[in-house]
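Next up, entry-v2.cif (mmCIF, C-alpha atoms):
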data_run
loop_
_atom_site.label_atom_id
_atom_site.label_comp_id
_atom_site.auth_asym_id
_atom_site.auth_seq_id
_atom_site.Cartn_x
_atom_site.Cartn_y
_atom_site.Cartn_z
CA MET A 1 200.30 42.48 -46.96
CA ALA A 2 202.77 43.77 -44.34
CA GLU A 3 201.98 47.35 -45.34
CA ARG A 4 198.24 46.73 -45.00
CA ILE A 5 198.71 45.21 -41.53
CA GLU A 6 200.90 48.12 -40.47
CA SER A 7 198.32 50.61 -41.75
CA SER A 8 195.49 48.83 -39.93
CA VAL A 9 197.43 48.87 -36.65
CA GLN A 10 198.24 52.55 -36.94
CA ASN A 11 194.61 53.39 -37.71
CA LEU A 12 193.58 51.92 -34.35
CA TRP A 13 194.83 55.00 -32.55
CA GLN A 14 193.30 58.44 -32.44
CA GLU A 15 195.75 61.28 -32.86
CA PRO A 16 196.23 64.40 -30.73
CA CYS A 17 194.50 67.54 -31.92
CA LEU A 18 195.32 71.14 -30.98
CA ILE A 19 192.29 73.45 -31.09
CA SER A 20 192.91 77.19 -31.31
CA ALA A 21 190.52 79.73 -29.74
CA ALA A 22 188.80 76.76 -28.13
CA VAL A 23 187.02 78.56 -25.30
CA PRO A 24 186.85 82.30 -26.10
CA HIS A 25 183.58 82.64 -24.17
CA TRP A 26 185.03 81.42 -20.86
CA PRO A 27 185.28 84.17 -18.20
CA ALA A 28 188.22 82.20 -16.76
CA LEU A 29 190.50 83.45 -19.54
CA SER A 30 190.37 86.96 -18.10
CA LEU A 31 189.35 86.44 -14.47
CA TRP A 32 191.94 83.79 -13.54
CA ARG A 33 194.78 86.07 -14.61
CA SER A 34 194.10 88.01 -11.42
CA ALA A 35 195.56 86.50 -8.25
CA ALA A 36 193.38 88.90 -6.27
CA TYR A 37 190.24 87.48 -7.91
CA LEU A 38 191.30 83.92 -7.16
CA ARG A 39 192.15 84.73 -3.54
CA THR A 40 188.83 86.50 -3.00
CA THR A 41 186.69 83.86 -4.69
CA LEU A 42 188.42 81.00 -2.86
CA SER A 43 189.11 82.86 0.39
CA THR A 44 187.41 80.26 2.60
CA THR A 45 188.31 77.19 0.53
CA SER A 46 190.82 74.52 1.58
CA VAL A 47 192.72 72.96 -1.32
CA SER A 48 195.30 70.22 -1.85
CA LEU A 49 198.88 71.48 -2.20
CA HIS A 50 201.62 69.16 -3.50
CA LEU A 51 205.17 69.74 -2.24
CA THR A 52 208.43 68.36 -3.66
CA PRO A 53 212.07 69.49 -3.54
CA THR A 54 212.37 69.91 -7.32
CA GLY A 55 208.88 70.24 -8.82
CA LYS A 56 208.89 66.64 -10.04
CA ALA A 57 206.21 64.52 -8.40
CA ASP A 58 205.06 61.08 -9.49
CA SER A 59 208.47 60.67 -11.05
CA LEU A 60 211.74 58.85 -10.48
CA ALA A 61 214.14 60.10 -7.81
CA PRO A 62 217.30 58.78 -6.12
CA HIS A 63 216.52 55.96 -3.69
CA PRO A 64 216.64 57.34 -0.10
CA THR A 65 218.99 54.61 1.17
CA SER A 66 220.76 53.63 -2.09
CA PRO A 67 221.36 56.85 -4.06
CA SER A 68 222.74 54.96 -7.05
CA ALA A 69 219.31 53.32 -7.49
CA LEU A 70 215.94 54.94 -8.25
CA CYS A 71 212.49 54.90 -6.70
CA PHE A 72 209.06 56.23 -7.66
CA ALA A 73 208.50 59.40 -5.62
CA SER A 74 205.09 60.91 -4.84
CA ALA A 75 204.55 64.42 -3.50
CA HIS A 76 203.77 65.40 0.04
CA VAL A 77 200.14 66.55 0.06
CA GLN A 78 198.60 68.90 2.58
CA LYS A 79 195.37 70.86 2.83
CA LEU A 80 195.71 74.62 3.15
CA PRO A 81 193.47 77.66 2.73
CA PHE A 82 193.70 78.68 -0.91
CA PRO A 83 195.29 82.12 -0.33
CA GLU A 84 198.12 80.48 1.65
CA ALA A 85 198.54 77.71 -0.90
CA LEU A 86 198.70 80.18 -3.79
CA GLY A 87 201.37 82.14 -1.92
CA ALA A 88 203.43 78.96 -1.65
CA VAL A 89 203.14 78.38 -5.41
CA LEU A 90 204.23 81.93 -6.19
CA ALA A 91 207.19 81.59 -3.78
CA SER A 92 208.39 78.31 -5.31
CA GLY A 93 212.03 78.59 -6.25
CA GLU A 94 212.71 81.02 -3.43
CA GLU A 95 212.14 78.35 -0.78
CA LYS A 96 213.46 74.79 -0.36
CA THR A 97 210.33 73.25 -1.88
CA VAL A 98 208.27 73.60 -5.04
CA ALA A 99 204.51 73.89 -4.52
CA TYR A 100 201.92 72.77 -7.09
CA LEU A 101 198.16 73.10 -6.73
CA GLN A 102 196.65 69.92 -8.12
CA GLN A 103 194.81 66.83 -7.00
CA GLN A 104 193.84 64.50 -9.79
CA HIS A 105 190.71 63.00 -8.28
CA ASP A 106 188.17 65.45 -9.71
CA CYS A 107 189.65 68.29 -7.69
CA PHE A 108 188.01 71.09 -9.66
CA ARG A 109 184.52 69.97 -8.73
CA SER A 110 185.45 68.90 -5.18
CA GLU A 111 187.74 71.78 -4.16
CA TYR A 112 187.24 74.67 -6.59
CA GLY A 113 183.48 74.75 -6.96
CA ALA A 114 183.42 78.53 -6.42
CA LEU A 115 185.12 78.89 -9.83
CA ALA A 116 182.64 76.66 -11.67
CA GLY A 117 180.81 79.57 -13.28
CA ASP A 118 184.00 80.72 -15.02
CA CYS A 119 184.18 77.72 -17.36
CA GLU A 120 182.04 74.83 -18.58
CA GLU A 121 181.20 71.75 -16.54
CA HIS A 122 182.03 69.62 -19.59
CA ILE A 123 183.10 70.03 -23.21
CA PRO A 124 179.77 69.72 -25.08
CA TRP A 125 181.09 68.39 -28.39
CA ALA A 126 183.36 65.89 -26.59
CA SER A 127 180.54 64.65 -24.36
CA GLU A 128 178.39 64.11 -27.46
CA ALA A 129 181.14 62.38 -29.40
CA LEU A 130 182.21 60.13 -26.52
CA GLY A 131 178.67 59.44 -25.33
CA CYS A 132 179.31 60.35 -21.70
CA SER A 133 180.10 63.15 -19.28
CA PRO A 134 183.62 63.60 -17.89
CA GLU A 135 184.49 61.32 -15.01
CA ALA A 136 186.84 63.92 -13.53
CA VAL A 137 187.67 67.60 -13.98
CA ASN A 138 191.03 68.70 -12.60
CA LEU A 139 192.70 72.07 -12.00
CA TRP A 140 196.48 72.64 -12.23
CA VAL A 141 198.18 75.77 -10.85
CA GLY A 142 201.97 76.04 -10.79
CA ASN A 143 205.02 77.88 -12.03
CA HIS A 144 207.91 77.00 -14.35
CA LEU A 145 209.43 74.53 -11.87
CA SER A 146 206.52 72.07 -11.94
CA GLU A 147 207.11 69.20 -14.38
CA THR A 148 205.25 65.97 -15.13
CA SER A 149 207.24 62.86 -16.05
CA PHE A 150 206.38 60.53 -18.94
CA HIS A 151 203.21 58.56 -18.27
CA LYS A 152 199.92 57.55 -19.86
CA ASP A 153 196.30 57.85 -18.69
CA HIS A 154 193.31 55.60 -19.22
CA TYR A 155 191.18 58.60 -20.15
CA GLU A 156 190.34 60.66 -23.20
CA ASN A 157 191.80 63.98 -22.14
CA LEU A 158 190.62 67.49 -23.08
CA TYR A 159 193.29 69.84 -21.73
CA VAL A 160 192.68 73.62 -21.68
CA VAL A 161 195.39 76.13 -20.79
CA ILE A 162 194.08 79.29 -19.10
CA THR A 163 197.30 81.21 -18.38
CA GLY A 164 200.89 80.59 -19.47
CA GLU A 165 201.90 77.69 -21.73
CA LYS A 166 202.25 73.92 -21.50
CA ARG A 167 204.74 71.95 -23.59
CA PHE A 168 203.80 68.32 -24.20
CA LEU A 169 206.18 65.66 -25.50
CA LEU A 170 203.94 63.02 -27.10
CA LEU A 171 204.43 59.38 -28.08
CA PRO A 172 201.72 56.98 -29.30
CA PRO A 173 200.87 53.79 -27.38
CA THR A 174 202.71 51.72 -30.00
CA ASP A 175 205.96 53.29 -28.73
CA VAL A 176 205.63 51.59 -25.34
CA HIS A 177 209.06 49.95 -25.59
CA ARG A 178 210.70 53.33 -26.08
CA MET A 179 209.56 54.20 -22.55
CA TYR A 180 211.51 51.35 -20.85
CA ILE A 181 208.77 50.76 -18.27
CA ARG A 182 210.21 49.07 -15.17
CA GLU A 183 209.12 48.54 -11.58
CA TYR A 184 210.45 50.89 -8.93
CA PRO A 185 209.93 50.89 -5.15
CA ALA A 186 207.33 53.46 -4.12
CA ALA A 187 208.25 56.35 -1.85
CA GLN A 188 206.70 59.62 -0.72
CA TYR A 189 208.13 63.00 0.21
CA CYS A 190 207.56 64.13 3.78
CA TYR A 191 207.56 67.88 4.41
CA HIS A 192 209.12 69.14 7.62
CA GLN A 193 207.60 72.44 8.74
CA ASP A 194 210.51 73.39 11.01
CA SER A 195 213.21 73.16 8.32
CA GLY A 196 211.05 73.78 5.26
CA GLU A 197 212.62 70.73 3.59
CA CYS A 198 211.31 67.47 2.17
CA THR A 199 212.76 64.04 2.86
CA LEU A 200 211.95 60.90 0.91
CA GLU A 201 210.62 57.84 2.71
CA LEU A 202 209.93 54.39 1.25
CA GLU A 203 206.45 52.97 1.66
CA ASP A 204 206.10 50.33 4.36
CA PRO A 205 205.41 47.61 3.43
CA ILE A 206 207.43 48.01 0.24
CA ALA A 207 205.32 48.37 -2.90
CA TYR A 208 206.41 48.64 -6.51
CA VAL A 209 205.14 50.94 -9.25
CA PRO A 210 205.65 50.31 -13.00
CA TRP A 211 206.91 53.60 -14.46
CA CYS A 212 208.62 55.07 -17.52
CA SER A 213 212.39 55.16 -17.06
CA VAL A 214 213.14 57.89 -19.59
CA ASP A 215 213.96 61.46 -18.58
CA PRO A 216 213.78 63.37 -21.88
CA TYR A 217 215.73 66.32 -20.46
CA PRO A 218 218.79 64.89 -18.66
CA LEU A 219 221.53 67.16 -17.38
CA PRO A 220 224.19 67.83 -20.02
CA GLU A 221 226.80 65.82 -18.13
CA GLU A 222 224.42 62.84 -17.95
CA LYS A 223 222.97 62.91 -21.45
CA GLN A 224 225.40 60.49 -23.11
CA ARG A 225 224.84 57.92 -20.38
CA GLU A 226 221.06 58.29 -20.73
CA VAL A 227 221.28 57.93 -24.52
CA GLU A 228 223.22 54.69 -24.09
CA LYS A 229 220.71 53.36 -21.54
CA PHE A 230 217.61 54.29 -23.55
CA PRO A 231 218.53 54.31 -27.26
CA LEU A 232 215.03 53.54 -28.52
CA TYR A 233 213.82 56.81 -27.08
CA PHE A 234 216.73 59.13 -27.75
CA ASN A 235 217.45 57.85 -31.26
CA GLY A 236 213.81 58.15 -32.38
CA PRO A 237 211.46 61.06 -33.09
CA LYS A 238 210.31 63.18 -30.17
CA PRO A 239 207.28 65.21 -31.33
CA PHE A 240 206.02 67.98 -29.11
CA VAL A 241 203.20 70.51 -29.02
CA THR A 242 203.00 73.82 -27.16
CA VAL A 243 199.52 74.62 -25.81
CA LYS A 244 198.97 78.32 -25.19
CA ALA A 245 196.36 80.19 -23.19
CA GLY A 246 192.91 79.72 -24.74
CA GLU A 247 193.93 76.57 -26.62
CA MET A 248 192.76 73.02 -26.05
CA LEU A 249 194.68 69.80 -26.60
CA TYR A 250 192.79 66.61 -27.26
CA LEU A 251 195.11 63.91 -25.91
CA PRO A 252 193.82 60.42 -26.71
CA SER A 253 193.88 57.74 -24.04
CA MET A 254 197.06 55.69 -23.64
CA TRP A 255 199.32 58.26 -25.31
CA PHE A 256 202.54 58.80 -23.39
CA HIS A 257 203.17 62.42 -22.49
CA HIS A 258 205.70 64.49 -20.61
CA VAL A 259 204.75 68.05 -19.60
CA ARG A 260 206.72 71.21 -18.88
CA GLN A 261 205.24 74.64 -18.43
CA SER A 262 206.05 78.32 -18.45
CA PRO A 263 204.00 81.04 -16.71
CA ASP A 264 202.89 84.39 -18.06
CA GLU A 265 203.59 87.74 -16.39
CA THR A 266 201.38 86.71 -13.45
CA GLY A 267 203.96 84.07 -12.51
CA LEU A 268 201.43 81.24 -12.90
CA THR A 269 200.50 78.54 -15.36
CA ILE A 270 196.87 77.52 -14.89
CA ALA A 271 195.09 74.73 -16.75
CA ILE A 272 191.95 72.65 -16.43
CA ASN A 273 191.42 69.24 -17.94
CA TYR A 274 188.44 66.95 -18.51
CA TRP A 275 188.92 63.20 -18.23
CA TYR A 276 186.46 61.03 -20.13
CA ASP A 277 186.45 57.26 -19.66
CA MET A 278 188.26 55.37 -22.41
CA GLN A 279 186.85 52.33 -24.18
CA PHE A 280 188.71 49.13 -23.25
CA ASP A 281 188.42 47.75 -26.77
CA ILE A 282 190.79 46.32 -29.39
CA LYS A 283 193.19 49.26 -28.95
CA TYR A 284 193.70 48.38 -25.31
CA ALA A 285 194.11 44.68 -26.13
CA TYR A 286 196.72 45.52 -28.76
CA PHE A 287 198.59 47.77 -26.33
CA LYS A 288 198.67 45.00 -23.70
CA PHE A 289 200.03 42.64 -26.36
CA LEU A 290 202.83 45.06 -27.22
CA GLN A 291 203.60 45.59 -23.56
CA SER A 292 203.86 41.84 -23.00
CA ILE A 293 206.66 41.39 -25.53
CA PRO A 294 209.78 40.74 -23.43
CA HIS A 295 212.61 43.26 -23.42
CA SER A 296 214.98 40.48 -24.47
CA LEU A 297 213.62 41.05 -27.99
CA SER A 298 214.76 44.66 -27.93
CA ASN A 299 217.24 44.25 -30.78
CA ASP A 300 214.46 43.14 -33.12
CA LEU A 301 212.05 45.68 -31.63
CA GLU A 302 214.45 48.54 -32.27
CA TRP A 303 214.35 47.81 -36.00
CA CYS A 304 210.59 47.18 -36.08
CA GLU A 305 209.62 50.20 -33.99
CA THR A 306 211.96 52.54 -35.80
CA ARG A 307 210.37 51.50 -39.07
CA ASN A 308 206.83 51.89 -37.70
CA VAL A 309 207.58 55.21 -36.01
CA GLU A 310 209.21 56.70 -39.08
CA SER A 311 206.30 55.56 -41.27
CA SER A 312 203.71 56.99 -38.87
CA PHE A 313 205.35 60.26 -37.89
CA ASP A 314 206.66 61.10 -41.34
CA ARG A 315 203.02 61.45 -42.36
CA SER A 316 202.01 63.40 -39.26
CA PHE A 317 204.87 65.44 -37.86
CA ASN A 318 207.82 67.58 -38.91
CA ASN A 319 210.79 65.69 -37.52
CA SER A 320 214.05 67.53 -37.00
CA GLY A 321 215.91 64.58 -35.54
CA ASP A 322 215.56 66.00 -32.06
CA GLU A 323 212.17 67.50 -31.27
CA SER A 324 209.50 68.72 -33.62
CA ASP A 325 206.24 70.64 -33.62
CA ILE A 326 203.04 68.71 -34.01
CA ILE A 327 201.17 69.75 -37.14
CA VAL A 328 199.00 66.75 -37.79
CA SER A 329 195.67 68.08 -36.51
CA HIS A 330 195.08 71.76 -35.85
CA ALA A 331 191.50 72.95 -35.78
CA ASP A 332 189.75 76.27 -35.33
CA GLY A 333 187.74 76.85 -32.21
CA ASP A 334 184.42 76.59 -34.05
CA THR A 335 183.36 72.95 -33.75
CA SER A 336 179.64 73.52 -34.16
CA ASN A 337 179.57 71.58 -37.43
CA SER A 338 181.82 68.81 -36.19
CA GLU A 339 180.57 65.28 -35.67
CA GLU A 340 183.34 64.64 -33.11
#
Can you turn what I pasted into structure tokens?
Amino acid sequence: MAERIESSVQNLWQEPCLISAAVPHWPALSLWRSAAYLRTTLSTTSVSLHLTPTGKADSLAPHPTSPSALCFASAHVQKLPFPEALGAVLASGEEKTVAYLQQQHDCFRSEYGALAGDCEEHIPWASEALGCSPEAVNLWVGNHLSETSFHKDHYENLYVVITGEKRFLLLPPTDVHRMYIREYPAAQYCYHQDSGECTLELEDPIAYVPWCSVDPYPLPEEKQREVEKFPLYFNGPKPFVTVKAGEMLYLPSMWFHHVRQSPDETGLTIAINYWYDMQFDIKYAYFKFLQSIPHSLSNDLEWCETRNVESSFDRSFNNSGDESDIIVSHADGDTSNSEE
């Protein structure tokens, strides 16, 4: 009976799928490799540029007045002409800030409309399978310094890499306790034009943001301390997938993911993603139930989750004990006969 219940729970969740040669017909695959093309096409366009000291925005950072504590830090955002903003991205690492072109609120359609003809306005097979059009389409342009901390989204996500590579660490919603979600005071970076530096300022009035506490790549001198603080994460499987140019990752809603990237010879990593609304059905109810279990039960949860994780991932992933490549679902680009 226990095995049947476990199997039923696991079957609630869709699994990530990596699709090779997903968009070979997109002009973007060749055109966006040219910075000159992008500058010319977007020469009169103002876009949102995110600035941070380290490339980590919407992530945890030392508290500005109590450095031994942490806060949730958001990027400084400013509007700039695209050619100037792209120059800032390419210069990241040479200056005191890291620049990232992104704005999650449907920025591709609102800010980059001049590039619309280079790709599709939606993913046809996904729109058919999900019964709707994407709620948002977002563009991401950065270099190797830009990094996204562990989080989840309430969207079905179709993520297409155009140049460079993206490396996703992935955990299913049932692993919520491995993320050690806690509330942190919200803060925002403020960019100072005269010094070229960012300072961190707490929101006023103080607000709190629930966020994942785990940094999967701590500094070597801090790793042992992080392992002791977050054993459920570090002592469990850590599957990852590398998404290369021309490939598409289907990332189901509510899956936790951490993202690093590496550029190609152009110095840029460019990606576009399509967010489709998720269904707030039994999966969401079950996730909220798991999330409501108090952390005081962590000793029991460690045994239960380790058993569930090993059972699930042993069937789906190659686990090396540290990180492993996702092999569960890998499809060819031709989806014309697919019902999904």
| query | Quick one: residues within 7 Å of Phe230 of chain A, all atoms listed in the file counted, chain neighbours fewer than 4 positions away excluded, as an MDAnalysis selection string? | reply | chainID A and resid 214 226 234
| Ground truth for the PyMOL selection byres ((chain A and resi 115-124) around 7), written as an MDAnalysis selection string | chainID A and resid 26:28 112:114 125:128 133:134
| task | Write out as a PyMOL selection string each polymer residue whose atoms come within 6 Å of segment 265-279 of chain A, counting only C-alpha atoms; drop sequence neighbours fewer than 3 positions from it. | result | chain A and resi 134-143+154-164
| task | Spell out the residues picked by the PyMOL selection byres ((chain A and resi 186) around 9) here, as a PyMOL selection string. | result | chain A and resi 71-74+184-185+187-188+201-203+206-209
| field | the PyMOL selection byres ((chain A and resi 144) around 6) resolved against shown file, as a list in words | value | Asn143, Leu145, Ser146, Gln261 and Ser262 of chain A
| request: Could you tell me which of A:Phe240, A:Phe280, A:Tyr250, A:Phe287 comes closest to Ser20 of chain A if we count only C-alpha atoms? | output: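 The closest residue to Ser20 of chain A is A:Tyr250.
Put simply, atom CA of Thr41 of chain A is 28.6 Å away from atom CA of Lys56 of chain A.
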Edge lengths and centre in Å to one decimal, as AutoDock Vina command-line options, is what I'm after for the box along x, y and z that holds all listed atoms of segment 232-236 of chain A once 3 Å is added on each side.
--center_x 215.6 --center_y 56.3 --center_z -29.7 --size_x 9.6 --size_y 11.6 --size_z 11.3
| request: For each of A:Thr97, A:Gln103, A:Ser253, A:Thr148, take the minimum atom-to-atom distance to Thr52 of chain A, counting only C-alpha atoms, then give the residue where this is smallest. | output: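 Selected residue with least distance to Thr52 of chain A: A:Thr97.
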| remark: Expressed in Å, the length from atom CA of Val98 of chain A to atom CA of Glu84 of chain A is 14.0 Å
| Nearest to Pro173 of chain A among A:Pro252, A:Gly93, A:Gly55, A:Gly87, with distances taken over all atoms listed in the file: which residue is it? |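 Among A:Pro252, A:Gly93, A:Gly55, A:Gly87, it is A:Pro252 that comes nearest to Pro173 of chain A.
For the atom pair formed by atom CA of His63 of chain A and atom CA of Gln291 of chain A, the distance is 25.9 Å, given to one decimal.
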| query | Which polymer residues have any atom within 12 Å of an atom of Pro216 of chain A, counting only C-alpha atoms, with same-chain residues fewer than 2 positions away left out, as a PyMOL selection string? | reply | chain A and resi 147-150+168-171+178-179+212-214+218-220+222-223+226-227+230-240+257-260+322-323
| message | Taking only C-alpha atoms into account, name the residue in A:Tyr284, A:Phe82, A:Ala57, A:Trp211 that is nearest to His177 of chain A. | response |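 Result for the nearest residue to His177 of chain A: A:Trp211.
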| Which one is closest to Lys96 of chain A: A:Gln224, A:Ser30, A:Thr40, A:Ser195? Count only C-alpha atoms. |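 Going through A:Gln224, A:Ser30, A:Thr40, A:Ser195 one by one, the smallest distance to Lys96 of chain A is for A:Ser195.
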| said: Just checking: using all atoms listed in the file, which residue out of A:Leu70, A:Ala75, A:Gln14, A:Ala22 ends up closest to Tyr189 of chain A? | reply: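 Counting all atoms listed in the file, the residue closest to Tyr189 of chain A is A:Ala75.
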| field | Neighbour residues at most 12 Å from (198.1, 84.4, -1.7) (all atoms listed in the file) as number ranges by chain | value | A: 34-43, 80-91
